[in-house]
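Student: Quick one: the structure is below, questions incoming.
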2 protein chains.
Amino acid sequence: MRAARELDYRPNALARALRLQATRTIGLIIPDIRNDFYAHSATVLQGALEENGYRLILCISGGDAAHDRSYLRALVEHRVDGVVHVPSSPTSTRDLALPDAVTPLVELLRHSPEMRFDAVVSDDREGARALTRHLLELGHRRIAMLTGPAAYSTTRYRVDGYRDALREAGLDAESEVVEYGSYAPASGYAMTCEVLAREPRPTAIFASGSPLTGGMLRALAGHGLRMPHDVSVVAYEDPEWYAVSTPPLTCYALPLHEMGRVAAELIVRRAQQPAGERVPEIRRFSGTLVVRGSTGAPR
Amino acid sequence: MRAARELDYRPNALARALRLQATRTIGLIIPDIRNDFYAHSATVLQGALEENGYRLILCISGGDAAHDRSYLRALVEHRVDGVVHVPSSPTSTRDLALPDAVTPLVELLRHSPEMRFDAVVSDDREGARALTRHLLELGHRRIAMLTGPAAYSTTRYRVDGYRDALREAGLDAESEVVEYGSYAPASGYAMTCEVLAREPRPTAIFASGSPLTGGMLRALAGHGLRMPHDVSVVAYEDPEWYAVSTPPLTCYALPLHEMGRVAAELIVRRAQQPAGERVPEIRRFSGTLVVRGSTGAPR
DNA sequence: CTGAAAGCGCTAACAA
DNA sequence: TTGTTAGCGCTTTCAG
């Protein structure tokens, strides 16, 4: 031991992992670290993994399916014990994530259409329904929904929930205003301008993603519209800045903490389980409607 | 090749790295992924490294020096080719980062007091001076500064810059209002309440970190104060939400893109250089004052 | 050009 | 208890 200290010996984790056939490392692939939704999930997941004696390698795919696949491959080659994946698109996981599934994979927040993997997601349909119903109860009848790409499972579920609520209120397809774009701020801006030009103009907007919300707010300010007086606004998820925005935003807050913990548990369990014989497990979490200052009765 | 494809062969990156004595991987340690300052830097750094054929392992220290050291050790044991480090405290790097410096290390955004390593930082003193001078030119004479821990080099430089500006304007130490806390939102909230209780009440506030700024805005709203009418506000750095805040925040924007690129260049160069014989290189970058709606003449 | 072998640093099994 | 050795999967060198 003294010799080790004197020589400043560092065990070689590579050789160790090679010998043990286990790295005690989990890879996480997220589309964008600057999105609070993902950043928060990553933080929570890292904490939960640490408690189980696992390390986290974080990869940022930039929302690009090719990057997604390339990182997935890199992680497999680095022999991580498992991968947690927030898919950028429904095709990201296809092909990859081997048929014999050597490396276990858990999908977080979104899941790929095949549902071949464990998934930890929010109940998007229920959440969108709750937000829309809140607006309907305030008296809004013309509600525009701003969403990301239709290819995302999250987008589809949220649109479904929006429709559910309209239908329950006795509104038909005529009154639906759904704008598909991307979750980028610029897209939120453009979609907002688009729906504001519609006749009759919507009295409320449902923003279904936080970066998009930023663009929407800028567009509303640009049109000189004030919330909730001129237009009511609700948003999915609850990044910190929603509460300090003026006015604070009504939203649907997800139990990200719990979801991260469960994802960690799942992937650790799979990592210690013999491969094969895995029955995919889907865990769906409900959030809570947080009513703040951005919603009110229509003018 | 066909056999490889049929067997779904995956090269073992561990064995490869063990043999080659190089992982083509750089570790990045940041205090908090949810802080846009760090998140943006990480994104930029990852992109720049990728162009050089390097991978990024991201570690989140939670602003805790013990975590910092533990991750630093883990990265060294994983034989990363280099580490980029945003120190959580001045003591993080001490002891670790070996005397004979096997693994090269570049400090980003902040640097440790010994300056034994390469560092890529912003010119905090100049930036704080520019923001303070902007407020002075608008006529403010009582400017409160809200900062993080005095132990951070960034904090110290920013306070120095604030003092420089006051002194240049002929104000003495009497007119300084500096509040030390942490960069957490809750701390921003508390510090704001604190300085608002001072007599005479400051007419302007300088928030020296973005999570802190969120707390400050909430406190101002809680006191029913409006910007820039009741109080002017400036902030260091320019996360996206400053521009969509109401009103948009006057701030000092850093060339994060360039800084990330330079950090990547430095660490890649060091990684390919034989150990020893390294003369630490400090690169300091100036930002730009972005004047927006949160600042005006005092009432 | 193809094939065999050594060795990167570690752990686990086995021998002394 | 202490010491030796095989082998994880790769690359590189050297022999055929």
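Each chain in the structure tokens gets a letter, A, B, ..., in the order shown, and its residues are numbered from 1; ligands are numbered from 1 in order too.
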Which residues of chain A are close to chain D, meaning at most 9 Å apart when you count only C-alpha atoms (C1' of nucleotides), and how do they look as a ChimeraX atom specification?

Tutor: /A:15,17-21

Student: Please produce a file of the residues just selected, as a CSV table (one decimal), in the first residue's frame, where the atoms kept are N, CA, C and O atoms.

Tutor:
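As a result, result-v9.csv now contains:
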chain,number,residue,atom,x,y,z
A,15,ALA,N,-8.7,-2.1,-17.9
A,15,ALA,CA,-8.3,-3.5,-17.7
A,15,ALA,C,-9.2,-4.2,-16.8
A,15,ALA,O,-9.6,-5.4,-17.0
A,17,ALA,N,-12.4,-3.6,-16.2
A,17,ALA,CA,-13.7,-3.9,-16.9
A,17,ALA,C,-13.5,-5.0,-17.9
A,17,ALA,O,-14.4,-5.8,-18.1
A,18,LEU,N,-12.4,-5.0,-18.6
A,18,LEU,CA,-12.1,-6.1,-19.6
A,18,LEU,C,-12.2,-7.4,-18.9
A,18,LEU,O,-12.8,-8.4,-19.4
A,19,ARG,N,-11.5,-7.5,-17.8
A,19,ARG,CA,-11.5,-8.7,-17.0
A,19,ARG,C,-12.8,-9.1,-16.4
A,19,ARG,O,-13.3,-10.2,-16.6
A,20,LEU,N,-13.5,-8.1,-15.8
A,20,LEU,CA,-14.7,-8.4,-15.1
A,20,LEU,C,-15.9,-8.5,-16.0
A,20,LEU,O,-17.0,-9.0,-15.6
A,21,GLN,N,-15.8,-8.1,-17.3
A,21,GLN,CA,-16.9,-8.1,-18.2
A,21,GLN,C,-18.0,-7.3,-17.7
A,21,GLN,O,-19.2,-7.6,-17.9

Student: Output the contact residues of chain C with respect to chain A at a cut-off of 9 Å, based on only C-alpha atoms (C1' of nucleotides), as number ranges by chain.

Tutor: C: 8-11

Student: With C-alpha atoms (C1' of nucleotides) retained, write the just-selected residues as a short mmCIF file (atom, residue, chain, number, x, y, z; two decimals), in the first residue's frame.

Tutor:
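Listed below is the output, again-v4.cif:
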data_model
loop_
_atom_site.label_atom_id
_atom_site.label_comp_id
_atom_site.auth_asym_id
_atom_site.auth_seq_id
_atom_site.Cartn_x
_atom_site.Cartn_y
_atom_site.Cartn_z
"C1'" DC C 8 -1.71 -3.87 -22.45
"C1'" DG C 9 -3.35 -4.27 -16.58
"C1'" DC C 10 -6.37 -6.50 -14.28
"C1'" DT C 11 -8.95 -10.56 -11.42
#

Student: Both chains have the same sequence, so match all Cα atoms in order, fit chain A onto chain B by least squares, and return it as a short mmCIF file (atom, residue, chain, number, x, y, z; two decimals) with C-alpha atoms, in the first residue's frame.

Tutor:
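Result file result.cif:
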data_model
loop_
_atom_site.label_atom_id
_atom_site.label_comp_id
_atom_site.auth_asym_id
_atom_site.auth_seq_id
_atom_site.Cartn_x
_atom_site.Cartn_y
_atom_site.Cartn_z
CA MET A 1 -16.28 -9.17 -43.09
CA ARG A 2 -19.34 -11.24 -43.90
CA ALA A 3 -18.72 -13.42 -40.90
CA ALA A 4 -18.39 -10.33 -38.76
CA ARG A 5 -21.71 -9.06 -39.99
CA GLU A 6 -23.39 -12.39 -39.51
CA LEU A 7 -22.16 -12.76 -35.98
CA ASP A 8 -23.04 -9.12 -35.27
CA TYR A 9 -19.49 -8.55 -34.17
CA ARG A 10 -18.77 -5.47 -32.06
CA PRO A 11 -15.19 -4.44 -31.49
CA ASN A 12 -14.41 -4.12 -27.80
CA ALA A 13 -13.41 -0.52 -27.21
CA LEU A 14 -12.04 -1.46 -23.80
CA ALA A 15 -9.53 -3.95 -25.13
CA ARG A 16 -8.65 -1.57 -27.91
CA ALA A 17 -7.99 1.30 -25.51
CA LEU A 18 -6.01 -0.99 -23.23
CA ARG A 19 -3.77 -1.98 -26.08
CA LEU A 20 -3.45 1.47 -27.67
CA GLN A 21 -3.02 3.26 -24.35
CA ALA A 22 -5.44 5.88 -25.60
CA THR A 23 -9.18 6.17 -25.35
CA ARG A 24 -9.80 9.16 -27.62
CA THR A 25 -12.15 10.28 -24.91
CA ILE A 26 -12.20 13.52 -22.98
CA GLY A 27 -13.97 13.88 -19.64
CA LEU A 28 -15.91 17.00 -18.74
CA ILE A 29 -16.88 17.79 -15.17
CA ILE A 30 -19.45 20.50 -14.63
CA PRO A 31 -21.24 21.51 -11.44
CA ASP A 32 -24.77 21.51 -12.82
CA ILE A 33 -26.25 20.51 -16.09
CA ARG A 34 -29.40 22.54 -15.56
CA ASN A 35 -27.48 25.79 -15.54
CA ASP A 36 -27.58 27.07 -19.08
CA PHE A 37 -24.07 28.44 -18.72
CA TYR A 38 -22.64 24.97 -18.22
CA ALA A 39 -25.08 23.16 -20.47
CA HIS A 40 -24.23 25.43 -23.34
CA SER A 41 -20.51 25.02 -22.74
CA ALA A 42 -20.88 21.25 -22.67
CA THR A 43 -22.78 21.22 -25.93
CA VAL A 44 -20.24 23.42 -27.66
CA LEU A 45 -17.32 21.42 -26.29
CA GLN A 46 -18.83 18.15 -27.41
CA GLY A 47 -19.27 19.48 -30.92
CA ALA A 48 -15.71 20.75 -31.08
CA LEU A 49 -14.27 17.50 -29.74
CA GLU A 50 -16.26 15.45 -32.18
CA GLU A 51 -14.69 17.33 -35.04
CA ASN A 52 -11.33 16.21 -33.69
CA GLY A 53 -12.41 12.60 -33.41
CA TYR A 54 -12.81 12.62 -29.65
CA ARG A 55 -15.69 11.48 -27.51
CA LEU A 56 -17.04 13.27 -24.43
CA ILE A 57 -17.88 11.78 -21.07
CA LEU A 58 -19.95 14.19 -19.04
CA CYS A 59 -19.93 14.16 -15.26
CA ILE A 60 -22.18 16.27 -13.07
CA SER A 61 -20.57 17.12 -9.78
CA GLY A 62 -23.49 18.95 -8.21
CA GLY A 63 -21.19 21.76 -7.19
CA ASP A 64 -19.62 19.60 -4.52
CA ALA A 65 -15.84 19.48 -4.26
CA ALA A 66 -15.87 15.89 -3.01
CA HIS A 67 -17.85 14.81 -6.07
CA ASP A 68 -15.48 16.83 -8.20
CA ARG A 69 -12.53 14.92 -6.89
CA SER A 70 -14.26 11.57 -7.11
CA TYR A 71 -15.16 12.12 -10.77
CA LEU A 72 -11.69 13.37 -11.50
CA ARG A 73 -10.27 10.18 -10.07
CA ALA A 74 -12.78 8.02 -11.94
CA LEU A 75 -11.90 9.71 -15.21
CA VAL A 76 -8.20 9.19 -14.62
CA GLU A 77 -8.83 5.54 -13.83
CA HIS A 78 -10.82 5.23 -17.02
CA ARG A 79 -7.75 6.56 -18.76
CA VAL A 80 -9.46 9.40 -20.56
CA ASP A 81 -6.97 11.28 -22.68
CA GLY A 82 -7.78 14.55 -20.97
CA VAL A 83 -10.14 16.30 -18.60
CA VAL A 84 -11.95 19.58 -18.97
CA HIS A 85 -12.98 20.83 -15.58
CA VAL A 86 -15.32 23.55 -14.40
CA PRO A 87 -14.15 23.66 -10.79
CA SER A 88 -16.84 23.74 -8.12
CA SER A 89 -14.51 25.24 -5.60
CA PRO A 90 -10.90 26.31 -5.43
CA THR A 91 -9.98 23.14 -3.58
CA SER A 92 -11.44 20.70 -6.11
CA THR A 93 -8.34 20.30 -8.16
CA ARG A 94 -5.82 20.42 -5.39
CA ASP A 95 -4.16 17.11 -4.44
CA LEU A 96 -5.75 15.38 -7.37
CA ALA A 97 -4.52 16.08 -10.86
CA LEU A 98 -1.32 14.41 -10.17
CA PRO A 99 2.00 16.09 -9.52
CA ASP A 100 3.48 14.45 -12.59
CA ALA A 101 0.23 15.29 -14.34
CA VAL A 102 -0.33 12.12 -16.30
CA THR A 103 -3.73 13.22 -17.49
CA PRO A 104 -3.82 16.71 -18.93
CA LEU A 105 -6.42 19.05 -17.52
CA VAL A 106 -7.98 22.25 -18.81
CA GLU A 107 -10.04 24.44 -16.53
CA LEU A 108 -13.07 26.06 -18.05
CA LEU A 109 -14.98 29.21 -16.97
CA ARG A 110 -13.22 29.27 -13.61
CA HIS A 111 -9.66 28.51 -12.66
CA SER A 112 -8.13 27.28 -9.46
CA PRO A 113 -5.95 29.75 -7.55
CA GLU A 114 -2.67 27.96 -8.22
CA MET A 115 -3.07 28.30 -11.98
CA ARG A 116 -1.16 25.11 -12.57
CA PHE A 117 -3.37 24.23 -15.50
CA ASP A 118 -4.46 25.58 -18.81
CA ALA A 119 -7.59 27.65 -18.41
CA VAL A 120 -10.24 29.09 -20.68
CA VAL A 121 -12.13 31.80 -18.86
CA SER A 122 -14.13 34.92 -19.48
CA ASP A 123 -12.79 38.31 -18.55
CA ASP A 124 -15.03 38.53 -15.50
CA ARG A 125 -13.53 41.71 -14.20
CA GLU A 126 -14.01 43.55 -17.46
CA GLY A 127 -17.55 42.17 -17.83
CA ALA A 128 -18.65 43.20 -14.36
CA ARG A 129 -17.09 46.59 -14.95
CA ALA A 130 -19.04 47.04 -18.20
CA LEU A 131 -22.35 46.12 -16.58
CA THR A 132 -21.78 48.39 -13.60
CA ARG A 133 -20.66 51.25 -15.78
CA HIS A 134 -23.81 50.88 -17.86
CA LEU A 135 -25.88 51.39 -14.71
CA LEU A 136 -23.75 54.32 -13.59
CA GLU A 137 -24.16 56.00 -16.96
CA LEU A 138 -27.92 55.71 -16.59
CA GLY A 139 -27.57 57.69 -13.37
CA HIS A 140 -27.69 54.96 -10.74
CA ARG A 141 -25.58 55.65 -7.69
CA ARG A 142 -26.69 52.88 -5.39
CA ILE A 143 -26.12 49.53 -7.07
CA ALA A 144 -26.42 46.25 -5.21
CA MET A 145 -24.37 43.30 -6.38
CA LEU A 146 -25.61 39.75 -5.74
CA THR A 147 -22.90 37.12 -6.05
CA GLY A 148 -21.98 33.54 -5.31
CA PRO A 149 -19.33 32.32 -2.87
CA ALA A 150 -16.26 34.49 -2.48
CA ALA A 151 -14.18 31.35 -2.91
CA TYR A 152 -14.88 31.24 -6.66
CA SER A 153 -12.38 33.06 -8.81
CA THR A 154 -15.26 34.24 -10.96
CA THR A 155 -16.95 35.86 -7.97
CA ARG A 156 -13.82 37.66 -6.91
CA TYR A 157 -13.05 39.00 -10.38
CA ARG A 158 -16.61 40.19 -10.83
CA VAL A 159 -16.62 42.01 -7.51
CA ASP A 160 -13.32 43.61 -8.49
CA GLY A 161 -14.82 44.81 -11.76
CA TYR A 162 -17.83 46.21 -9.94
CA ARG A 163 -15.50 48.11 -7.61
CA ASP A 164 -13.41 49.36 -10.53
CA ALA A 165 -16.47 50.92 -12.11
CA LEU A 166 -17.66 52.54 -8.88
CA ARG A 167 -14.24 53.96 -8.27
CA GLU A 168 -13.97 55.32 -11.79
CA ALA A 169 -17.29 57.09 -11.20
CA GLY A 170 -15.83 58.67 -8.08
CA LEU A 171 -17.84 56.59 -5.62
CA ASP A 172 -16.17 55.36 -2.46
CA ALA A 173 -16.44 52.10 -0.53
CA GLU A 174 -19.45 53.51 1.32
CA SER A 175 -21.64 53.09 -1.73
CA GLU A 176 -20.72 49.44 -2.31
CA VAL A 177 -23.49 46.94 -1.63
CA VAL A 178 -22.16 43.44 -2.18
CA GLU A 179 -24.09 40.40 -1.03
CA TYR A 180 -22.36 37.02 -1.01
CA GLY A 181 -24.45 33.84 -1.18
CA SER A 182 -24.56 30.90 -3.54
CA TYR A 183 -25.56 30.80 -7.18
CA ALA A 184 -28.77 28.88 -6.33
CA PRO A 185 -32.16 30.48 -7.08
CA ALA A 186 -33.12 30.38 -3.39
CA SER A 187 -30.02 32.33 -2.53
CA GLY A 188 -30.85 34.91 -5.19
CA TYR A 189 -34.26 35.29 -3.64
CA ALA A 190 -32.90 35.74 -0.13
CA MET A 191 -30.17 38.16 -1.14
CA THR A 192 -32.67 40.27 -3.05
CA CYS A 193 -34.95 40.55 -0.02
CA GLU A 194 -31.88 41.46 2.00
CA VAL A 195 -30.70 44.30 -0.24
CA LEU A 196 -34.22 45.67 -0.72
CA ALA A 197 -34.40 46.14 3.05
CA ARG A 198 -31.26 48.29 3.07
CA GLU A 199 -31.49 52.03 3.56
CA PRO A 200 -31.23 53.78 1.23
CA ARG A 201 -32.73 51.17 -1.04
CA PRO A 202 -30.59 50.40 -4.11
CA THR A 203 -32.01 51.63 -7.41
CA ALA A 204 -30.30 48.89 -9.39
CA ILE A 205 -29.26 45.27 -8.93
CA PHE A 206 -26.42 43.37 -10.55
CA ALA A 207 -27.06 39.62 -10.53
CA SER A 208 -23.85 37.77 -11.12
CA GLY A 209 -25.16 34.32 -12.11
CA SER A 210 -28.15 32.98 -13.98
CA PRO A 211 -29.83 30.60 -11.51
CA LEU A 212 -29.51 33.34 -8.91
CA THR A 213 -31.20 35.72 -11.35
CA GLY A 214 -34.35 33.58 -11.37
CA GLY A 215 -34.66 33.89 -7.61
CA MET A 216 -34.03 37.61 -7.80
CA LEU A 217 -36.84 38.11 -10.33
CA ARG A 218 -39.23 36.18 -8.13
CA ALA A 219 -38.31 38.33 -5.15
CA LEU A 220 -38.78 41.55 -7.14
CA ALA A 221 -42.18 40.37 -8.34
CA GLY A 222 -43.04 39.47 -4.76
CA HIS A 223 -42.22 43.01 -3.66
CA GLY A 224 -44.36 44.37 -6.48
CA LEU A 225 -41.36 46.05 -8.10
CA ARG A 226 -41.28 46.58 -11.85
CA MET A 227 -38.24 46.81 -14.09
CA PRO A 228 -36.88 49.21 -15.11
CA HIS A 229 -39.33 51.65 -13.48
CA ASP A 230 -38.79 50.73 -9.83
CA VAL A 231 -35.47 49.01 -10.15
CA SER A 232 -32.96 48.37 -12.93
CA VAL A 233 -31.44 44.95 -13.35
CA VAL A 234 -28.34 43.64 -15.09
CA ALA A 235 -27.04 40.09 -15.13
CA TYR A 236 -23.83 38.31 -16.02
CA GLU A 237 -23.99 35.86 -18.94
CA ASP A 238 -26.87 35.46 -21.36
CA PRO A 239 -28.92 32.26 -21.18
CA GLU A 240 -31.74 32.05 -23.69
CA TRP A 241 -34.48 32.91 -21.27
CA TYR A 242 -33.07 36.36 -20.50
CA ALA A 243 -34.28 37.51 -23.91
CA VAL A 244 -37.82 36.23 -23.39
CA SER A 245 -38.15 37.41 -19.81
CA THR A 246 -40.46 40.40 -19.24
CA PRO A 247 -38.80 42.77 -19.68
CA PRO A 248 -35.82 41.21 -21.47
CA LEU A 249 -32.72 41.41 -19.32
CA THR A 250 -29.72 43.61 -19.96
CA CYS A 251 -26.68 41.38 -19.64
CA TYR A 252 -23.10 40.57 -20.54
CA ALA A 253 -23.02 37.81 -23.16
CA LEU A 254 -19.99 35.53 -23.32
CA PRO A 255 -18.53 34.00 -26.48
CA LEU A 256 -19.25 30.51 -25.19
CA HIS A 257 -18.99 29.04 -28.62
CA GLU A 258 -15.48 30.28 -29.12
CA MET A 259 -14.48 29.37 -25.58
CA GLY A 260 -15.68 25.80 -26.05
CA ARG A 261 -13.80 25.53 -29.31
CA VAL A 262 -10.59 26.80 -27.74
CA ALA A 263 -10.94 24.49 -24.74
CA ALA A 264 -11.35 21.57 -27.12
CA GLU A 265 -8.29 22.60 -29.09
CA LEU A 266 -6.20 22.99 -25.95
CA ILE A 267 -7.12 19.65 -24.43
CA VAL A 268 -6.65 17.79 -27.70
CA ARG A 269 -3.26 19.37 -28.17
CA ARG A 270 -2.21 18.43 -24.63
CA ALA A 271 -3.54 14.92 -25.08
CA GLN A 272 -1.28 14.40 -28.04
CA GLN A 273 1.68 16.11 -26.42
CA PRO A 274 4.11 14.12 -24.29
CA ALA A 275 3.40 14.63 -20.59
CA GLY A 276 5.52 17.00 -18.56
CA GLU A 277 6.96 20.17 -20.04
CA ARG A 278 3.58 21.84 -20.03
CA VAL A 279 3.52 25.55 -19.42
CA PRO A 280 0.02 26.53 -18.28
CA GLU A 281 -1.75 28.75 -20.74
CA ILE A 282 -4.56 31.07 -19.65
CA ARG A 283 -6.97 32.27 -22.30
CA ARG A 284 -9.27 35.08 -21.29
CA PHE A 285 -12.28 36.07 -23.42
CA SER A 286 -14.23 39.30 -23.49
CA GLY A 287 -17.98 39.32 -23.91
CA THR A 288 -20.38 41.99 -25.07
CA LEU A 289 -22.80 44.22 -23.21
CA VAL A 290 -26.32 43.51 -24.41
CA VAL A 291 -28.64 46.37 -23.48
CA ARG A 292 -32.27 45.30 -23.20
CA GLY A 293 -35.40 46.42 -21.38
CA SER A 294 -34.50 45.79 -17.76
CA THR A 295 -32.37 48.89 -17.35
CA GLY A 296 -33.33 52.56 -17.34
CA ALA A 297 -32.71 55.77 -15.46
CA PRO A 298 -33.46 55.67 -11.73
CA ARG A 299 -36.80 57.12 -10.69
#

Student: Which residues in range 105-233 of chain A does DSSP call helix (DSSP H, G or I)? List them as a ChimeraX atom specification.

Tutor: /A:124-137,153-168,173-175,185-196,210-222

Student: From a backbone DSSP assignment, name each residue in range 57-146 of chain A labelled strand (DSSP E or B), as a list in words.

Tutor: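 Strand (DSSP E or B) assignments inside range 57-146 of chain A correspond to Ile57, Leu58, Cys59, Ile60, Gly82, Val83, Val84, His85, Leu105, Val106, Glu107, Leu108, Leu109, Asp118, Ala119, Val120, Val121, Ser122, Ile143, Ala144, Met145 and Leu146 of chain A.
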